[in-house]
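K.L.:
Structure file coords.cif (mmCIF, C-alpha atoms) right here:
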```cif
data_model
#
loop_
_atom_site.label_atom_id
_atom_site.label_comp_id
_atom_site.auth_asym_id
_atom_site.auth_seq_id
_atom_site.Cartn_x
_atom_site.Cartn_y
_atom_site.Cartn_z
CA MET A 24 -50.14 -44.83 -33.22
CA SER A 25 -47.26 -43.12 -35.01
CA ALA A 26 -46.70 -39.38 -34.82
CA SER A 27 -47.62 -39.00 -38.48
CA SER A 28 -50.90 -40.91 -38.12
CA ALA A 29 -51.77 -38.95 -34.96
CA HIS A 30 -51.17 -35.75 -36.89
CA SER A 31 -53.38 -37.02 -39.73
CA ALA A 32 -56.19 -37.75 -37.28
CA GLU A 33 -55.98 -34.21 -35.89
CA THR A 34 -55.73 -32.53 -39.29
CA PRO A 35 -59.48 -31.98 -39.93
CA ALA A 36 -60.00 -30.37 -36.52
CA LEU A 37 -56.89 -28.20 -36.91
CA ALA A 38 -57.95 -27.20 -40.40
CA GLY A 39 -61.39 -26.30 -39.06
CA GLN A 40 -59.78 -24.15 -36.37
CA LEU A 41 -57.71 -22.32 -38.98
CA LEU A 42 -60.70 -21.86 -41.28
CA GLN A 43 -62.66 -20.30 -38.43
CA ILE A 44 -59.82 -17.82 -37.92
CA ILE A 45 -59.32 -17.20 -41.65
CA THR A 46 -62.99 -16.31 -42.12
CA GLY A 47 -63.09 -14.19 -38.97
CA TYR A 48 -63.48 -10.97 -40.92
CA MET A 49 -66.80 -12.20 -42.35
CA PRO A 50 -68.78 -12.05 -39.07
CA ALA A 51 -67.11 -8.67 -38.37
CA VAL A 52 -68.27 -7.05 -41.60
CA SER A 53 -71.69 -8.73 -41.28
CA LEU A 54 -72.04 -7.21 -37.81
CA HIS A 55 -71.14 -3.84 -39.29
CA ALA A 56 -73.86 -4.19 -41.91
CA ALA A 57 -76.47 -5.27 -39.36
CA ALA A 58 -75.52 -2.40 -37.05
CA LYS A 59 -75.66 0.10 -39.89
CA LEU A 60 -79.14 -1.11 -40.86
CA LYS A 61 -80.27 -1.15 -37.19
CA ILE A 62 -81.61 -4.69 -37.55
CA ALA A 63 -81.45 -5.30 -33.79
CA ASP A 64 -83.57 -2.19 -33.21
CA LEU A 65 -86.11 -3.39 -35.78
CA LEU A 66 -86.36 -6.66 -33.84
CA ALA A 67 -86.74 -5.01 -30.42
CA GLY A 68 -90.48 -5.80 -30.36
CA GLY A 69 -90.11 -9.47 -31.31
CA PRO A 70 -89.41 -11.77 -34.29
CA LYS A 71 -89.97 -10.55 -37.85
CA PRO A 72 -89.70 -12.18 -41.28
CA VAL A 73 -86.74 -11.06 -43.33
CA SER A 74 -89.11 -9.62 -45.95
CA GLU A 75 -90.42 -7.17 -43.35
CA LEU A 76 -86.91 -6.35 -42.12
CA ALA A 77 -85.75 -5.61 -45.65
CA ARG A 78 -88.74 -3.35 -46.24
CA GLU A 79 -88.27 -1.46 -42.96
CA ALA A 80 -84.49 -1.09 -43.49
CA GLN A 81 -85.30 0.51 -46.89
CA GLY A 82 -83.32 -0.12 -50.03
CA VAL A 83 -82.16 -3.57 -48.89
CA ASN A 84 -82.20 -6.75 -50.94
CA GLU A 85 -84.25 -9.34 -49.07
CA GLY A 86 -82.27 -12.36 -50.23
CA ALA A 87 -78.93 -10.79 -49.44
CA LEU A 88 -80.09 -9.65 -46.01
CA TYR A 89 -81.29 -13.16 -45.24
CA ARG A 90 -77.87 -14.60 -46.05
CA VAL A 91 -76.13 -12.11 -43.77
CA LEU A 92 -78.54 -12.73 -40.87
CA ARG A 93 -78.33 -16.51 -41.32
CA GLY A 94 -74.56 -16.28 -41.04
CA LEU A 95 -74.75 -14.14 -37.92
CA ALA A 96 -77.33 -16.47 -36.38
CA SER A 97 -74.83 -19.32 -36.76
CA VAL A 98 -72.51 -17.51 -34.32
CA GLY A 99 -75.24 -16.58 -31.84
CA VAL A 100 -76.00 -13.08 -33.09
CA PHE A 101 -79.75 -13.13 -33.96
CA SER A 102 -81.73 -16.36 -34.12
CA GLU A 103 -83.72 -17.83 -37.02
CA THR A 104 -86.80 -18.82 -35.05
CA SER A 105 -88.65 -20.21 -38.07
CA PRO A 106 -87.74 -20.27 -41.77
CA ARG A 107 -86.65 -16.75 -42.84
CA THR A 108 -87.86 -15.21 -39.58
CA PHE A 109 -85.41 -13.72 -37.10
CA ALA A 110 -85.37 -12.61 -33.48
CA ASN A 111 -82.84 -10.96 -31.23
CA THR A 112 -80.57 -12.94 -28.95
CA PRO A 113 -78.86 -11.57 -25.81
CA ALA A 114 -75.83 -10.85 -28.03
CA SER A 115 -77.73 -9.03 -30.79
CA ASP A 116 -79.64 -7.05 -28.15
CA LEU A 117 -76.33 -5.27 -27.53
CA LEU A 118 -76.38 -4.03 -31.14
CA ARG A 119 -79.42 -1.90 -30.30
CA GLU A 120 -78.92 1.82 -30.13
CA GLY A 121 -78.78 3.36 -26.67
CA VAL A 122 -79.29 0.23 -24.56
CA PRO A 123 -77.00 -0.27 -21.54
CA GLY A 124 -73.79 -1.92 -22.72
CA SER A 125 -74.54 -1.27 -26.40
CA VAL A 126 -71.67 -2.15 -28.75
CA ARG A 127 -73.37 -0.73 -31.86
CA ASP A 128 -71.00 2.21 -32.20
CA ILE A 129 -68.02 -0.07 -31.67
CA ALA A 130 -69.25 -2.41 -34.41
CA LEU A 131 -69.71 0.57 -36.73
CA TRP A 132 -66.10 1.60 -36.17
CA LEU A 133 -64.24 -1.73 -36.09
CA GLY A 134 -66.21 -3.09 -39.05
CA ASN A 135 -65.85 0.15 -40.99
CA PRO A 136 -64.69 -0.29 -44.62
CA LEU A 137 -61.67 1.85 -43.71
CA HIS A 138 -60.58 -0.85 -41.27
CA MET A 139 -60.91 -3.54 -43.89
CA ARG A 140 -58.71 -1.58 -46.30
CA VAL A 141 -56.12 -0.92 -43.60
CA PHE A 142 -55.96 -4.49 -42.31
CA ALA A 143 -55.59 -5.76 -45.86
CA GLU A 144 -52.18 -4.06 -45.70
CA THR A 145 -50.98 -5.86 -42.57
CA LEU A 146 -47.98 -7.30 -44.39
CA TYR A 147 -46.86 -3.77 -45.28
CA SER A 148 -46.76 -2.82 -41.58
CA VAL A 149 -44.97 -6.06 -40.70
CA GLU A 150 -42.32 -5.39 -43.36
CA THR A 151 -41.80 -1.69 -42.59
CA GLY A 152 -43.06 -1.01 -39.06
CA ASN A 153 -45.07 1.88 -40.52
CA THR A 154 -48.80 2.41 -40.22
CA ALA A 155 -50.88 0.79 -42.93
CA LEU A 156 -53.35 3.66 -42.54
CA LYS A 157 -50.89 6.10 -44.09
CA LYS A 158 -50.21 3.74 -46.99
CA VAL A 159 -53.96 3.45 -47.63
CA THR A 160 -55.04 7.06 -47.05
CA GLY A 161 -51.92 9.22 -47.16
CA PHE A 162 -52.58 10.42 -43.58
CA GLU A 163 -51.57 9.38 -40.10
CA THR A 164 -54.50 8.72 -37.75
CA PHE A 165 -55.36 12.07 -36.23
CA ASP A 166 -54.58 14.04 -39.39
CA TYR A 167 -56.91 11.66 -41.21
CA PHE A 168 -59.74 12.44 -38.80
CA LYS A 169 -59.21 16.18 -39.17
CA HIS A 170 -59.84 15.83 -42.91
CA HIS A 171 -62.67 13.27 -42.63
CA PRO A 172 -65.21 14.58 -40.07
CA ALA A 173 -67.81 11.88 -40.82
CA GLU A 174 -65.41 9.08 -39.87
CA ASP A 175 -64.11 11.16 -36.97
CA GLU A 176 -67.68 11.17 -35.65
CA VAL A 177 -67.89 7.37 -35.99
CA PHE A 178 -64.53 7.00 -34.22
CA ASN A 179 -65.49 9.28 -31.31
CA ALA A 180 -68.82 7.50 -30.89
CA ALA A 181 -66.96 4.18 -30.71
CA MET A 182 -64.55 5.56 -28.09
CA THR A 183 -67.55 6.70 -26.05
CA GLY A 184 -68.99 3.21 -26.46
CA PHE A 185 -65.76 1.65 -25.19
CA SER A 186 -65.84 4.04 -22.23
CA ALA A 187 -69.43 3.10 -21.41
CA MET A 188 -68.41 -0.58 -21.40
CA LEU A 189 -65.13 -0.26 -19.52
CA THR A 190 -65.70 2.62 -17.10
CA PRO A 191 -68.00 0.92 -14.52
CA PRO A 192 -65.47 -1.86 -13.71
CA VAL A 193 -62.74 0.78 -13.39
CA LEU A 194 -64.83 2.89 -11.00
CA GLU A 195 -65.57 -0.24 -8.99
CA ALA A 196 -61.91 -1.26 -8.74
CA TYR A 197 -60.21 2.10 -8.17
CA ASP A 198 -60.94 4.98 -5.77
CA PHE A 199 -60.55 8.35 -7.54
CA GLY A 200 -61.62 10.28 -4.43
CA GLY A 201 -59.21 12.64 -2.71
CA LEU A 202 -57.36 13.64 -5.90
CA GLY A 203 -58.31 17.33 -5.69
CA THR A 204 -58.55 18.54 -9.28
CA LEU A 205 -58.28 15.70 -11.78
CA ALA A 206 -57.42 16.52 -15.39
CA ASP A 207 -58.53 14.04 -18.05
CA ILE A 208 -55.94 14.44 -20.80
CA GLY A 209 -57.23 13.37 -24.20
CA GLY A 210 -60.63 13.28 -22.51
CA GLY A 211 -62.70 13.50 -25.70
CA HIS A 212 -66.33 14.27 -24.97
CA GLY A 213 -65.84 13.88 -21.21
CA PHE A 214 -67.54 10.52 -20.72
CA LEU A 215 -64.93 9.13 -18.34
CA LEU A 216 -64.42 12.28 -16.30
CA SER A 217 -68.15 12.92 -15.93
CA ALA A 218 -68.60 9.38 -14.56
CA ILE A 219 -65.75 9.93 -12.07
CA LEU A 220 -67.16 13.29 -10.97
CA GLN A 221 -70.64 11.81 -10.49
CA LYS A 222 -69.25 9.15 -8.17
CA HIS A 223 -67.00 11.55 -6.22
CA PRO A 224 -68.89 14.80 -5.42
CA GLY A 225 -65.83 16.38 -3.75
CA LEU A 226 -63.71 16.12 -6.87
CA ARG A 227 -63.17 18.84 -9.46
CA GLY A 228 -62.19 18.15 -13.03
CA ILE A 229 -60.64 19.45 -16.23
CA VAL A 230 -61.41 17.72 -19.52
CA CYS A 231 -58.66 18.46 -22.02
CA ASP A 232 -58.33 17.58 -25.70
CA LEU A 233 -57.86 19.15 -29.12
CA PRO A 234 -60.30 22.02 -29.76
CA HIS A 235 -62.45 20.21 -32.36
CA VAL A 236 -62.79 17.20 -30.03
CA VAL A 237 -63.26 18.71 -26.59
CA ALA A 238 -66.05 20.98 -27.83
CA GLY A 239 -68.28 17.90 -27.60
CA ALA A 240 -67.79 17.72 -23.82
CA LYS A 241 -69.79 20.86 -23.01
CA PRO A 242 -73.28 19.45 -23.74
CA ARG A 243 -72.55 16.30 -21.70
CA LEU A 244 -71.26 18.20 -18.68
CA GLU A 245 -74.17 20.64 -18.77
CA SER A 246 -76.76 17.89 -19.13
CA LEU A 247 -75.34 16.10 -16.07
CA GLY A 248 -75.14 19.27 -13.97
CA LEU A 249 -71.34 19.07 -13.78
CA ALA A 250 -70.39 22.27 -15.61
CA SER A 251 -69.67 24.14 -12.35
CA ARG A 252 -67.22 21.44 -11.23
CA CYS A 253 -65.44 20.82 -14.51
CA GLU A 254 -63.43 23.09 -16.79
CA ILE A 255 -62.98 22.50 -20.50
CA ALA A 256 -59.46 23.10 -21.81
CA SER A 257 -57.99 22.70 -25.27
CA ALA A 258 -54.31 21.82 -25.57
CA ASP A 259 -51.69 19.91 -27.53
CA PHE A 260 -50.52 17.42 -24.91
CA PHE A 261 -47.14 17.09 -26.64
CA LYS A 262 -46.47 20.74 -25.75
CA ALA A 263 -48.17 21.24 -22.39
CA VAL A 264 -51.12 20.21 -20.23
CA PRO A 265 -53.11 22.36 -17.80
CA PRO A 266 -51.99 22.42 -14.13
CA ALA A 267 -53.86 19.94 -11.94
CA ASP A 268 -53.39 17.88 -8.81
CA SER A 269 -53.56 14.56 -10.68
CA TYR A 270 -54.02 13.31 -14.22
CA VAL A 271 -55.97 10.51 -15.85
CA MET A 272 -55.66 9.26 -19.42
CA LYS A 273 -57.77 6.54 -20.97
CA SER A 274 -56.40 4.79 -24.06
CA VAL A 275 -54.08 7.70 -24.82
CA ILE A 276 -50.55 6.45 -24.20
CA HIS A 277 -51.14 3.33 -26.29
CA ASP A 278 -51.62 5.55 -29.35
CA TRP A 279 -47.97 6.61 -29.38
CA ASP A 280 -44.44 5.28 -29.70
CA ASP A 281 -42.20 5.43 -26.64
CA ALA A 282 -40.65 8.84 -27.40
CA ARG A 283 -44.00 10.59 -27.78
CA ALA A 284 -45.57 8.69 -24.87
CA ILE A 285 -42.72 9.83 -22.63
CA ALA A 286 -43.20 13.44 -23.83
CA ILE A 287 -46.86 13.37 -22.73
CA LEU A 288 -45.99 11.84 -19.36
CA LYS A 289 -43.21 14.39 -18.79
CA ASN A 290 -45.67 17.22 -19.40
CA CYS A 291 -48.03 15.75 -16.81
CA ALA A 292 -45.20 15.38 -14.29
CA ALA A 293 -44.06 18.97 -14.93
CA ALA A 294 -47.55 20.50 -14.60
CA MET A 295 -48.58 18.47 -11.54
CA ARG A 296 -49.25 20.59 -8.46
CA GLY A 297 -47.33 19.39 -5.43
CA SER A 298 -45.51 16.12 -4.94
CA ASN A 299 -48.37 13.82 -3.93
CA GLY A 300 -50.31 13.71 -7.19
CA LYS A 301 -50.81 10.72 -9.44
CA VAL A 302 -50.76 9.96 -13.13
CA ILE A 303 -53.39 7.32 -13.78
CA LEU A 304 -53.49 5.46 -17.08
CA LEU A 305 -56.47 3.34 -18.08
CA GLU A 306 -54.98 0.91 -20.56
CA LEU A 307 -54.85 -2.71 -21.55
CA VAL A 308 -51.81 -4.36 -19.96
CA VAL A 309 -50.54 -7.25 -22.07
CA TYR A 310 -50.11 -10.57 -20.33
CA PRO A 311 -46.96 -12.57 -21.13
CA GLY A 312 -47.18 -16.06 -22.60
CA ASN A 313 -49.69 -17.69 -24.95
CA ASP A 314 -52.94 -17.12 -23.07
CA PRO A 315 -55.76 -15.38 -24.96
CA ASP A 316 -55.57 -11.63 -24.45
CA ILE A 317 -57.58 -8.95 -26.26
CA GLY A 318 -54.62 -6.63 -25.71
CA LYS A 319 -52.54 -8.64 -28.16
CA TRP A 320 -55.11 -8.00 -30.90
CA ILE A 321 -55.67 -4.34 -30.06
CA ASP A 322 -51.89 -4.06 -30.26
CA LEU A 323 -52.22 -4.84 -33.98
CA GLU A 324 -54.79 -2.04 -34.26
CA MET A 325 -52.15 0.25 -32.79
CA LEU A 326 -49.51 -0.99 -35.21
CA LEU A 327 -51.62 -0.58 -38.33
CA MET A 328 -53.72 2.45 -37.44
CA ALA A 329 -51.88 4.67 -34.97
CA GLY A 330 -48.22 3.69 -34.77
CA GLY A 331 -48.49 3.04 -31.02
CA HIS A 332 -48.70 -0.22 -29.12
CA GLU A 333 -50.07 -1.96 -26.06
CA ARG A 334 -47.51 -2.57 -23.32
CA THR A 335 -46.65 -4.98 -20.54
CA GLU A 336 -46.37 -3.91 -16.91
CA ALA A 337 -42.56 -3.82 -17.22
CA GLU A 338 -42.78 -1.61 -20.30
CA TYR A 339 -45.05 0.85 -18.48
CA ALA A 340 -42.59 0.95 -15.58
CA GLU A 341 -39.80 1.86 -18.01
CA LEU A 342 -41.89 4.61 -19.66
CA PHE A 343 -42.64 6.16 -16.28
CA SER A 344 -39.02 6.05 -15.16
CA GLN A 345 -37.95 7.99 -18.25
CA ALA A 346 -40.61 10.63 -17.55
CA GLY A 347 -39.64 11.32 -13.94
CA LEU A 348 -42.38 9.10 -12.56
CA ARG A 349 -42.52 5.74 -10.77
CA LEU A 350 -44.99 2.92 -11.34
CA SER A 351 -46.76 2.43 -8.01
CA ARG A 352 -49.28 -0.28 -8.89
CA VAL A 353 -51.39 -1.94 -11.57
CA VAL A 354 -55.01 -2.59 -10.64
CA ARG A 355 -56.77 -5.27 -12.67
CA THR A 356 -60.52 -4.84 -13.14
CA LYS A 357 -63.40 -7.08 -14.19
CA SER A 358 -62.94 -5.75 -17.73
CA PRO A 359 -59.80 -5.94 -19.90
CA MET A 360 -58.97 -2.36 -18.85
CA CYS A 361 -56.38 -1.92 -16.11
CA VAL A 362 -55.58 1.05 -13.89
CA VAL A 363 -51.85 1.82 -14.19
CA GLU A 364 -50.90 4.26 -11.43
CA ALA A 365 -47.70 6.30 -11.17
CA VAL A 366 -46.38 8.89 -8.73
CA LYS A 367 -43.49 11.35 -8.94
CA ALA A 368 -40.13 9.57 -8.68
#
```
Once you've parsed the file, please lay out its structure as structure tokens.
P.N.:
Amino acid sequence: MSASSAHSAETPALAGQLLQIITGYMPAVSLHAAAKLKIADLLAGGPKPVSELAREAQGVNEGALYRVLRGLASVGVFSETSPRTFANTPASDLLREGVPGSVRDIALWLGNPLHMRVFAETLYSVETGNTALKKVTGFETFDYFKHHPAEDEVFNAAMTGFSAMLTPPVLEAYDFGGLGTLADIGGGHGFLLSAILQKHPGLRGIVCDLPHVVAGAKPRLESLGLASRCEIASADFFKAVPPADSYVMKSVIHDWDDARAIAILKNCAAAMRGSNGKVILLELVVYPGNDPDIGKWIDLEMLLMAGGHERTEAEYAELFSQAGLRLSRVVRTKSPMCVVEAVKA
């Protein structure tokens, strides 16, 4: 068989592969709609006809809802158990609110109409290197959230959802004990630090973030009985961070370009008590080569939304060296999140 005829034989399959990728945004926005309407919660007790789902969701067109759920069922999210009747699947169960491992808040953020508008401007970021978010909204990421509290709430809920998904494998793979006082820089509502403190009773903590963000940590710490072991501090980490024995940052450094990432790391190195502390980053570490890697796609999120990027192990080593630190090890976990550990150089 000639090369041209072999290519012709493969063309339908290759075209199908490309079409699946091209239409990839459709399941994403359909998941967003289903999460917004809490369809998985409505199905928690068993299968229901779409007419009942539309009535319970209120203000929903039955025919349109059916078409969305039929599409999602074709990719394993919900199941059409009989004509126009749907049930949850193991995948759609994770769209329920408050269940262990729930991805509802993540779906609400990544499928948000804002994301669709930003990713429609991918070519702009490719041509300029600038964030598409600023082109679309006039703001860079964190300034945008300051002016849009409703979407800031959606974003923070999604980050908490990511933490809930990724923290247990990190705690399993890495021993945070013996770090004295551990400061979580950019710690948000304190989800990560509270989980670390619960596992290590001898540890003390400081959760540190911007004032309007870190205020949300107090109720969590109090509800878990951790308030006596954990301080709440507000700070601009580009200017300074509170003194501590060691520092942890989850999905912080990837938000920034090299110059600003180095500034944050330098502040941690300068404020660190003693010479035996650690700076611990919880980040995706990009694999080289062509293998599938969620980090390569989240890297586009960083390009378009935040102006930062995901990094390889070698790139993290270079960042640390410019901040007066030394990469000591990278610990892979059962999740995509890695533990990137540095010590003073």
K.L.:
Give me the result of the PyMOL selection byres ((chain A and resi 323) around 12) on this file, residue by residue, as a ChimeraX atom specification.
P.N.:
/A:138,141-142,144-146,148-149,152-155,277-278,317-322,324-334
K.L.:
Could you list the residues chosen by the PyMOL selection byres ((chain A and resi 197) around 10) in this structure as JSON, numbers by chain?
P.N.:
{"A": [192, 193, 194, 195, 196, 198, 199, 200, 354, 355, 356, 361, 362]}
K.L.:
Would you mind exporting the chosen residues as a CSV table (one decimal), in the frame of the given file, restricted to C-alpha atoms?
P.N.:
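What ended up in out_6.csv:
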```csv
chain,number,residue,atom,x,y,z
A,192,PRO,CA,-65.5,-1.9,-13.7
A,193,VAL,CA,-62.7,0.8,-13.4
A,194,LEU,CA,-64.8,2.9,-11.0
A,195,GLU,CA,-65.6,-0.2,-9.0
A,196,ALA,CA,-61.9,-1.3,-8.7
A,198,ASP,CA,-60.9,5.0,-5.8
A,199,PHE,CA,-60.6,8.4,-7.5
A,200,GLY,CA,-61.6,10.3,-4.4
A,354,VAL,CA,-55.0,-2.6,-10.6
A,355,ARG,CA,-56.8,-5.3,-12.7
A,356,THR,CA,-60.5,-4.8,-13.1
A,361,CYS,CA,-56.4,-1.9,-16.1
A,362,VAL,CA,-55.6,1.0,-13.9
```
K.L.:
Have a look at atom CA of Asp281 of chain A and atom CA of Lys262 of chain A and let me know their distance in Å, one decimal.
P.N.:
15.9 Å
K.L.:
Name the residues captured by the PyMOL selection byres ((chain A and resi 50) around 12) when it is applied to the shown file; answer as an mmCIF file with C-alpha atoms, keeping the file's coordinate frame.
P.N.:
```cif
data_model
loop_
_atom_site.group_PDB
_atom_site.id
_atom_site.type_symbol
_atom_site.label_atom_id
_atom_site.label_comp_id
_atom_site.auth_asym_id
_atom_site.auth_seq_id
_atom_site.Cartn_x
_atom_site.Cartn_y
_atom_site.Cartn_z
ATOM 1 C CA GLN A 43 -62.660 -20.300 -38.430
ATOM 2 C CA ILE A 44 -59.820 -17.820 -37.920
ATOM 3 C CA ILE A 45 -59.320 -17.200 -41.650
ATOM 4 C CA THR A 46 -62.990 -16.310 -42.120
ATOM 5 C CA GLY A 47 -63.090 -14.190 -38.970
ATOM 6 C CA TYR A 48 -63.480 -10.970 -40.920
ATOM 7 C CA MET A 49 -66.800 -12.200 -42.350
ATOM 8 C CA ALA A 51 -67.110 -8.670 -38.370
ATOM 9 C CA VAL A 52 -68.270 -7.050 -41.600
ATOM 10 C CA SER A 53 -71.690 -8.730 -41.280
ATOM 11 C CA LEU A 54 -72.040 -7.210 -37.810
ATOM 12 C CA HIS A 55 -71.140 -3.840 -39.290
ATOM 13 C CA ALA A 56 -73.860 -4.190 -41.910
ATOM 14 C CA ALA A 57 -76.470 -5.270 -39.360
ATOM 15 C CA ALA A 58 -75.520 -2.400 -37.050
ATOM 16 C CA ARG A 90 -77.870 -14.600 -46.050
ATOM 17 C CA VAL A 91 -76.130 -12.110 -43.770
ATOM 18 C CA LEU A 92 -78.540 -12.730 -40.870
ATOM 19 C CA ARG A 93 -78.330 -16.510 -41.320
ATOM 20 C CA GLY A 94 -74.560 -16.280 -41.040
ATOM 21 C CA LEU A 95 -74.750 -14.140 -37.920
ATOM 22 C CA ALA A 96 -77.330 -16.470 -36.380
ATOM 23 C CA SER A 97 -74.830 -19.320 -36.760
ATOM 24 C CA VAL A 98 -72.510 -17.510 -34.320
ATOM 25 C CA GLY A 99 -75.240 -16.580 -31.840
ATOM 26 C CA VAL A 100 -76.000 -13.080 -33.090
ATOM 27 C CA ALA A 130 -69.250 -2.410 -34.410
ATOM 28 C CA LEU A 133 -64.240 -1.730 -36.090
ATOM 29 C CA GLY A 134 -66.210 -3.090 -39.050
#
```
K.L.:
Need the neighbours of (-43.0, 17.4, -9.6): which residues are at most 12 Å away, counting all atoms listed in the file, as an mmCIF file with C-alpha atoms, keeping the file's coordinate frame?
P.N.:
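Result written to out24.cif:
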```cif
data_model
loop_
_atom_site.group_PDB
_atom_site.id
_atom_site.type_symbol
_atom_site.label_atom_id
_atom_site.label_comp_id
_atom_site.auth_asym_id
_atom_site.auth_seq_id
_atom_site.Cartn_x
_atom_site.Cartn_y
_atom_site.Cartn_z
ATOM 1 C CA PRO A 266 -51.990 22.420 -14.130
ATOM 2 C CA ALA A 267 -53.860 19.940 -11.940
ATOM 3 C CA ASP A 268 -53.390 17.880 -8.810
ATOM 4 C CA SER A 269 -53.560 14.560 -10.680
ATOM 5 C CA LEU A 288 -45.990 11.840 -19.360
ATOM 6 C CA LYS A 289 -43.210 14.390 -18.790
ATOM 7 C CA ASN A 290 -45.670 17.220 -19.400
ATOM 8 C CA CYS A 291 -48.030 15.750 -16.810
ATOM 9 C CA ALA A 292 -45.200 15.380 -14.290
ATOM 10 C CA ALA A 293 -44.060 18.970 -14.930
ATOM 11 C CA ALA A 294 -47.550 20.500 -14.600
ATOM 12 C CA MET A 295 -48.580 18.470 -11.540
ATOM 13 C CA ARG A 296 -49.250 20.590 -8.460
ATOM 14 C CA GLY A 297 -47.330 19.390 -5.430
ATOM 15 C CA SER A 298 -45.510 16.120 -4.940
ATOM 16 C CA ASN A 299 -48.370 13.820 -3.930
ATOM 17 C CA GLY A 300 -50.310 13.710 -7.190
ATOM 18 C CA LYS A 301 -50.810 10.720 -9.440
ATOM 19 C CA VAL A 302 -50.760 9.960 -13.130
ATOM 20 C CA ALA A 346 -40.610 10.630 -17.550
ATOM 21 C CA GLY A 347 -39.640 11.320 -13.940
ATOM 22 C CA LEU A 348 -42.380 9.100 -12.560
ATOM 23 C CA ARG A 349 -42.520 5.740 -10.770
ATOM 24 C CA VAL A 366 -46.380 8.890 -8.730
ATOM 25 C CA LYS A 367 -43.490 11.350 -8.940
ATOM 26 C CA ALA A 368 -40.130 9.570 -8.680
#
```
K.L.:
Please determine, counting all atoms listed in the file, which residue among A:Phe165, A:Ala282, A:Phe178, A:Ser246 has the shortest atom-to-atom distance to Leu233 of chain A.
P.N.:
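Checking each of A:Phe165, A:Ala282, A:Phe178, A:Ser246 against Leu233 of chain A, counting all atoms listed in the file, the winner is A:Phe165.
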K.L.:
Please identify all polymer residues within 12 Å of segment 226-230 of chain A, counting all atoms listed in the file, omitting same-chain residues fewer than 2 positions from it, and present them as a compact mmCIF listing (two decimals) with C-alpha atoms, in the frame of the given file.
P.N.:
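This is the output file selection.txt:
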```
# COMPACT_ATOMS: atom_id res chain seq x y z
CA ASP A 198 -60.94 4.98 -5.77
CA PHE A 199 -60.55 8.35 -7.54
CA GLY A 200 -61.62 10.28 -4.43
CA GLY A 201 -59.21 12.64 -2.71
CA LEU A 202 -57.36 13.64 -5.90
CA GLY A 203 -58.31 17.33 -5.69
CA THR A 204 -58.55 18.54 -9.28
CA LEU A 205 -58.28 15.70 -11.78
CA ALA A 206 -57.42 16.52 -15.39
CA ASP A 207 -58.53 14.04 -18.05
CA ILE A 208 -55.94 14.44 -20.80
CA GLY A 209 -57.23 13.37 -24.20
CA GLY A 210 -60.63 13.28 -22.51
CA GLY A 211 -62.70 13.50 -25.70
CA HIS A 212 -66.33 14.27 -24.97
CA GLY A 213 -65.84 13.88 -21.21
CA PHE A 214 -67.54 10.52 -20.72
CA LEU A 215 -64.93 9.13 -18.34
CA LEU A 216 -64.42 12.28 -16.30
CA SER A 217 -68.15 12.92 -15.93
CA ALA A 218 -68.60 9.38 -14.56
CA ILE A 219 -65.75 9.93 -12.07
CA LEU A 220 -67.16 13.29 -10.97
CA GLN A 221 -70.64 11.81 -10.49
CA LYS A 222 -69.25 9.15 -8.17
CA HIS A 223 -67.00 11.55 -6.22
CA PRO A 224 -68.89 14.80 -5.42
CA ASP A 232 -58.33 17.58 -25.70
CA LEU A 233 -57.86 19.15 -29.12
CA PRO A 234 -60.30 22.02 -29.76
CA VAL A 236 -62.79 17.20 -30.03
CA VAL A 237 -63.26 18.71 -26.59
CA ALA A 238 -66.05 20.98 -27.83
CA GLY A 239 -68.28 17.90 -27.60
CA ALA A 240 -67.79 17.72 -23.82
CA LYS A 241 -69.79 20.86 -23.01
CA ARG A 243 -72.55 16.30 -21.70
CA LEU A 244 -71.26 18.20 -18.68
CA LEU A 249 -71.34 19.07 -13.78
CA ALA A 250 -70.39 22.27 -15.61
CA SER A 251 -69.67 24.14 -12.35
CA ARG A 252 -67.22 21.44 -11.23
CA CYS A 253 -65.44 20.82 -14.51
CA GLU A 254 -63.43 23.09 -16.79
CA ILE A 255 -62.98 22.50 -20.50
CA ALA A 256 -59.46 23.10 -21.81
CA SER A 257 -57.99 22.70 -25.27
CA ALA A 258 -54.31 21.82 -25.57
CA VAL A 264 -51.12 20.21 -20.23
CA PRO A 265 -53.11 22.36 -17.80
CA PRO A 266 -51.99 22.42 -14.13
CA ALA A 267 -53.86 19.94 -11.94
CA ASP A 268 -53.39 17.88 -8.81
CA SER A 269 -53.56 14.56 -10.68
CA TYR A 270 -54.02 13.31 -14.22
CA VAL A 271 -55.97 10.51 -15.85
CA MET A 272 -55.66 9.26 -19.42
CA LYS A 273 -57.77 6.54 -20.97
```
K.L.:
Tell me which protein, DNA and RNA residues are within 12 Å of Glu75 of chain A, counting only C-alpha atoms, leaving out same-chain ones fewer than 4 positions away, and put them as a ChimeraX atom specification.
P.N.:
/A:62,65-66,70-71,79-81,83-86,88-89,107-109
K.L.:
Please compute the atom CA of Glu336 of chain A-atom CA of Ala286 of chain A distance, one decimal, in Å.
P.N.:
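Computing the Euclidean distance for atom CA of Glu336 of chain A and atom CA of Ala286 of chain A yields 18.9 Å.
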